[in-house]
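Quick notes on the structure that follows.
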Amino acid sequence: MKGIVFVHLLEMVEKEFGELLLESAIDHAETSTQGVFTSAGTYPAEDMLKLVGSLSELTQLPPSALYQHYGRYLFDKLFLSYPMFPPEVISNAFSFLASINDVIHVEVHKLYPDAELPRFITQHHDEEKMILEYSSSRRMSDLALGLIEGCLLHFKEDVEIQMVPLQEDGTTVQFTLTRKP
């Protein structure tokens with residue numbers, strides 16, 4: 001995983017839970033880097049699992065809730081990091097989400113050629129409803145859910161989200177987004 005994802009996680013934890021909890025989480029997690037991450041670095045996904053697991057134990061919050069919360073936080077950080085979005089992509093949340101694989105991830109690969117990104121396949125997209133399929137060997141669909149929620153908050157759109165696992169191992173999940181009247 002790219003270091004920027006770790007750097008923002010540590011930033012969020014320090015802001016929302018404090019420096020002492022962050023230090024305890026890092027010590028307890030026993031990551032491959034002892035908690036030292038750089039934005040441009042690449043680190044094992046297991047380090048994220050260890051950090052979130054450690055945070056879960058210390059905060060008594062389930063990992064799924066932590067991933068989802070972090071995803072909401074992370075969206076704006078990533079959005080502001082990549083100001084090169086074409087106007088049609090940033091017109092609304094559905095357009096933005098529909099562009100993840102063909103526009104956004106293409107740009108991310110230009111910056112980070114070795115990045116292993118999840119796939120978001122748009123199965124349906126109109127003004128009222130969108131169906132996205134998320135697939136990743138990392139099984140971080142709760143983080144994806146949080147990122148989608150962060151996108152909806154960013155664009156100030158009121159949308160109901162349903163998340164349905166398509167594979168028992170969590171590698172593929174379907175998100176159905178329906179605009180509220």
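Chain labels follow the order of the structure tokens: the first chain is A, the next B, and so on; residue numbering restarts at 1 in every chain, and ligands are counted from 1 in their shown order.
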For range 132-146 of chain A: contacts at 9 Å, only C-alpha atoms, fewer than 5 positions along chain excluded, given as a PDB file with N, CA and C atoms, in the first residue's frame:
```pdb
ATOM      1  N   ALA A  45       0.322  -4.365   3.017  1.00  0.00           N
ATOM      2  CA  ALA A  45      -1.056  -4.151   3.475  1.00  0.00           C
ATOM      3  C   ALA A  45      -1.246  -4.688   4.889  1.00  0.00           C
ATOM      4  N   GLU A  46      -0.457  -5.673   5.257  1.00  0.00           N
ATOM      5  CA  GLU A  46      -0.546  -6.238   6.611  1.00  0.00           C
ATOM      6  C   GLU A  46      -0.278  -5.170   7.676  1.00  0.00           C
ATOM      7  N   PRO A  63     -12.947  -2.860  13.906  1.00  0.00           N
ATOM      8  CA  PRO A  63     -12.142  -2.463  12.745  1.00  0.00           C
ATOM      9  C   PRO A  63     -12.986  -1.910  11.602  1.00  0.00           C
ATOM     10  N   SER A  64     -14.145  -2.491  11.343  1.00  0.00           N
ATOM     11  CA  SER A  64     -14.988  -2.017  10.245  1.00  0.00           C
ATOM     12  C   SER A  64     -15.364  -0.551  10.445  1.00  0.00           C
ATOM     13  N   ALA A  65     -15.694  -0.171  11.664  1.00  0.00           N
ATOM     14  CA  ALA A  65     -16.058   1.227  11.956  1.00  0.00           C
ATOM     15  C   ALA A  65     -14.853   2.148  11.795  1.00  0.00           C
ATOM     16  N   LEU A  66     -13.678   1.677  12.198  1.00  0.00           N
ATOM     17  CA  LEU A  66     -12.466   2.488  12.056  1.00  0.00           C
ATOM     18  C   LEU A  66     -12.116   2.689  10.582  1.00  0.00           C
ATOM     19  N   TYR A  67     -12.192   1.621   9.788  1.00  0.00           N
ATOM     20  CA  TYR A  67     -11.925   1.749   8.349  1.00  0.00           C
ATOM     21  C   TYR A  67     -12.910   2.724   7.699  1.00  0.00           C
ATOM     22  N   GLN A  68     -14.174   2.587   8.042  1.00  0.00           N
ATOM     23  CA  GLN A  68     -15.199   3.440   7.443  1.00  0.00           C
ATOM     24  C   GLN A  68     -14.963   4.905   7.831  1.00  0.00           C
ATOM     25  N   HIS A  69     -14.703   5.141   9.090  1.00  0.00           N
ATOM     26  CA  HIS A  69     -14.434   6.505   9.563  1.00  0.00           C
ATOM     27  C   HIS A  69     -13.199   7.071   8.864  1.00  0.00           C
ATOM     28  N   TYR A  70     -12.170   6.260   8.769  1.00  0.00           N
ATOM     29  CA  TYR A  70     -10.945   6.699   8.108  1.00  0.00           C
ATOM     30  C   TYR A  70     -11.201   7.000   6.622  1.00  0.00           C
ATOM     31  N   GLY A  71     -11.996   6.183   5.965  1.00  0.00           N
ATOM     32  CA  GLY A  71     -12.318   6.431   4.561  1.00  0.00           C
ATOM     33  C   GLY A  71     -12.961   7.788   4.356  1.00  0.00           C
ATOM     34  N   ARG A  72     -13.883   8.153   5.242  1.00  0.00           N
ATOM     35  CA  ARG A  72     -14.528   9.476   5.142  1.00  0.00           C
ATOM     36  C   ARG A  72     -13.479  10.585   5.293  1.00  0.00           C
ATOM     37  N   TYR A  73     -12.582  10.412   6.233  1.00  0.00           N
ATOM     38  CA  TYR A  73     -11.509  11.383   6.469  1.00  0.00           C
ATOM     39  C   TYR A  73     -10.563  11.451   5.261  1.00  0.00           C
ATOM     40  N   LEU A  74     -10.211  10.298   4.745  1.00  0.00           N
ATOM     41  CA  LEU A  74      -9.216  10.196   3.680  1.00  0.00           C
ATOM     42  C   LEU A  74      -9.689  10.804   2.363  1.00  0.00           C
ATOM     43  N   PHE A  75     -10.987  10.751   2.083  1.00  0.00           N
ATOM     44  CA  PHE A  75     -11.460  11.224   0.782  1.00  0.00           C
ATOM     45  C   PHE A  75     -10.987  12.644   0.486  1.00  0.00           C
ATOM     46  N   LEU A  97     -17.373   9.099  -8.857  1.00  0.00           N
ATOM     47  CA  LEU A  97     -17.227   7.679  -8.548  1.00  0.00           C
ATOM     48  C   LEU A  97     -17.132   6.830  -9.821  1.00  0.00           C
ATOM     49  N   ALA A  98     -17.863   7.206 -10.862  1.00  0.00           N
ATOM     50  CA  ALA A  98     -17.820   6.461 -12.123  1.00  0.00           C
ATOM     51  C   ALA A  98     -16.472   6.596 -12.813  1.00  0.00           C
ATOM     52  N   LEU A 117      -4.000  -0.876  -6.861  1.00  0.00           N
ATOM     53  CA  LEU A 117      -5.247  -0.193  -6.525  1.00  0.00           C
ATOM     54  C   LEU A 117      -6.435  -1.143  -6.622  1.00  0.00           C
ATOM     55  N   PRO A 118      -7.443  -0.901  -5.791  1.00  0.00           N
ATOM     56  CA  PRO A 118      -8.669  -1.703  -5.927  1.00  0.00           C
ATOM     57  C   PRO A 118      -9.372  -1.333  -7.224  1.00  0.00           C
ATOM     58  N   ARG A 119     -10.262  -2.193  -7.650  1.00  0.00           N
ATOM     59  CA  ARG A 119     -11.047  -1.907  -8.860  1.00  0.00           C
ATOM     60  C   ARG A 119     -12.452  -1.495  -8.460  1.00  0.00           C
ATOM     61  N   PHE A 120     -12.940  -0.459  -9.106  1.00  0.00           N
ATOM     62  CA  PHE A 120     -14.316  -0.011  -8.946  1.00  0.00           C
ATOM     63  C   PHE A 120     -14.953  -0.046 -10.329  1.00  0.00           C
ATOM     64  N   ILE A 121     -15.812  -0.996 -10.546  1.00  0.00           N
ATOM     65  CA  ILE A 121     -16.462  -1.148 -11.842  1.00  0.00           C
ATOM     66  C   ILE A 121     -17.882  -0.616 -11.729  1.00  0.00           C
ATOM     67  N   THR A 122     -18.211   0.330 -12.602  1.00  0.00           N
ATOM     68  CA  THR A 122     -19.560   0.889 -12.628  1.00  0.00           C
ATOM     69  C   THR A 122     -20.448  -0.056 -13.412  1.00  0.00           C
ATOM     70  N   GLN A 123     -21.425  -0.643 -12.738  1.00  0.00           N
ATOM     71  CA  GLN A 123     -22.348  -1.571 -13.395  1.00  0.00           C
ATOM     72  C   GLN A 123     -23.619  -0.873 -13.853  1.00  0.00           C
ATOM     73  N   HIS A 124     -23.937   0.232 -13.210  1.00  0.00           N
ATOM     74  CA  HIS A 124     -25.123   1.014 -13.583  1.00  0.00           C
ATOM     75  C   HIS A 124     -24.891   2.437 -13.105  1.00  0.00           C
ATOM     76  N   HIS A 125     -25.307   3.399 -13.929  1.00  0.00           N
ATOM     77  CA  HIS A 125     -25.128   4.789 -13.542  1.00  0.00           C
ATOM     78  C   HIS A 125     -26.142   5.644 -14.290  1.00  0.00           C
ATOM     79  N   CYS A 151     -16.938  11.030  -0.367  1.00  0.00           N
ATOM     80  CA  CYS A 151     -17.245  11.629  -1.669  1.00  0.00           C
ATOM     81  C   CYS A 151     -18.623  12.286  -1.637  1.00  0.00           C
ATOM     82  N   ILE A 161     -26.830   4.269   0.783  1.00  0.00           N
ATOM     83  CA  ILE A 161     -25.852   3.290   0.304  1.00  0.00           C
ATOM     84  C   ILE A 161     -26.188   1.919   0.864  1.00  0.00           C
ATOM     85  N   MET A 163     -24.535  -1.971   0.887  1.00  0.00           N
ATOM     86  CA  MET A 163     -23.302  -2.703   0.627  1.00  0.00           C
ATOM     87  C   MET A 163     -23.613  -4.194   0.746  1.00  0.00           C
ATOM     88  N   PRO A 165     -21.897  -8.039   0.086  1.00  0.00           N
ATOM     89  CA  PRO A 165     -20.741  -8.848  -0.305  1.00  0.00           C
ATOM     90  C   PRO A 165     -21.116  -9.781  -1.459  1.00  0.00           C
ATOM     91  N   LEU A 166     -20.248  -9.852  -2.460  1.00  0.00           N
ATOM     92  CA  LEU A 166     -20.474 -10.758  -3.591  1.00  0.00           C
ATOM     93  C   LEU A 166     -19.605 -12.011  -3.481  1.00  0.00           C
ATOM     94  N   ASP A 169     -15.194 -14.245   0.836  1.00  0.00           N
ATOM     95  CA  ASP A 169     -13.904 -13.847   1.401  1.00  0.00           C
ATOM     96  C   ASP A 169     -13.727 -12.324   1.485  1.00  0.00           C
ATOM     97  N   GLY A 170     -14.738 -11.569   1.045  1.00  0.00           N
ATOM     98  CA  GLY A 170     -14.692 -10.114   1.153  1.00  0.00           C
ATOM     99  C   GLY A 170     -13.926  -9.414   0.048  1.00  0.00           C
ATOM    100  N   THR A 171     -13.478 -10.157  -0.957  1.00  0.00           N
ATOM    101  CA  THR A 171     -12.704  -9.534  -2.027  1.00  0.00           C
ATOM    102  C   THR A 171     -13.565  -8.748  -3.006  1.00  0.00           C
ATOM    103  N   THR A 172     -14.855  -9.046  -3.077  1.00  0.00           N
ATOM    104  CA  THR A 172     -15.739  -8.346  -4.012  1.00  0.00           C
ATOM    105  C   THR A 172     -17.025  -7.948  -3.294  1.00  0.00           C
ATOM    106  N   VAL A 173     -17.360  -6.674  -3.416  1.00  0.00           N
ATOM    107  CA  VAL A 173     -18.534  -6.119  -2.750  1.00  0.00           C
ATOM    108  C   VAL A 173     -19.257  -5.217  -3.736  1.00  0.00           C
ATOM    109  N   GLN A 174     -20.571  -5.226  -3.663  1.00  0.00           N
ATOM    110  CA  GLN A 174     -21.371  -4.342  -4.511  1.00  0.00           C
ATOM    111  C   GLN A 174     -21.975  -3.234  -3.670  1.00  0.00           C
ATOM    112  N   PHE A 175     -21.804  -1.997  -4.154  1.00  0.00           N
ATOM    113  CA  PHE A 175     -22.392  -0.833  -3.516  1.00  0.00           C
ATOM    114  C   PHE A 175     -23.503  -0.319  -4.424  1.00  0.00           C
ATOM    115  N   THR A 176     -24.706  -0.161  -3.863  1.00  0.00           N
ATOM    116  CA  THR A 176     -25.800   0.444  -4.586  1.00  0.00           C
ATOM    117  C   THR A 176     -26.092   1.781  -3.928  1.00  0.00           C
ATOM    118  N   LEU A 177     -26.002   2.827  -4.725  1.00  0.00           N
ATOM    119  CA  LEU A 177     -26.212   4.189  -4.246  1.00  0.00           C
ATOM    120  C   LEU A 177     -27.492   4.722  -4.877  1.00  0.00           C
TER     121      LEU A 177
END
```
Could you find all residues in range 4-173 of chain A that DSSP calls alpha helix (DSSP H) from the backbone, and write them as a PyMOL selection string? chain A and resi 4-17+19-29+45-59+63-81+93-98+105-111+141-154
Select from range 20-74 of chain A every residue with an atom at most 12 Å from any atom of range 103-113 of chain A, then for each give the shortest pair of atoms and their distance in Å to one decimal, using only C-alpha atoms, rows by chain and rising number, as JSON lines.
```
{"residue": "A:Ser39", "atom": "CA", "partner": "A:Tyr112", "partner_atom": "CA", "distance": 10.8}
{"residue": "A:Ala40", "atom": "CA", "partner": "A:Tyr112", "partner_atom": "CA", "distance": 8.1}
{"residue": "A:Gly41", "atom": "CA", "partner": "A:Tyr112", "partner_atom": "CA", "distance": 9.6}
{"residue": "A:Thr42", "atom": "CA", "partner": "A:Tyr112", "partner_atom": "CA", "distance": 9.4}
```
Among the residues A:Asp76, A:Ser95, A:Lys15, A:Leu55, the one that comes closest to Glu149 in chain A [using only C-alpha atoms]: A:Asp76
Given only C-alpha atoms as the counted atoms, nearest of A:Gln167, A:Ser81, A:Ser91, A:Ser56 to Ser24 in chain A: A:Ser56
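The smallest atom-to-atom distance between Gly35 in chain A and any of A:Leu10, A:Ile100, A:Val52, A:Ile90, using only C-alpha atoms, is found for A:Leu10.
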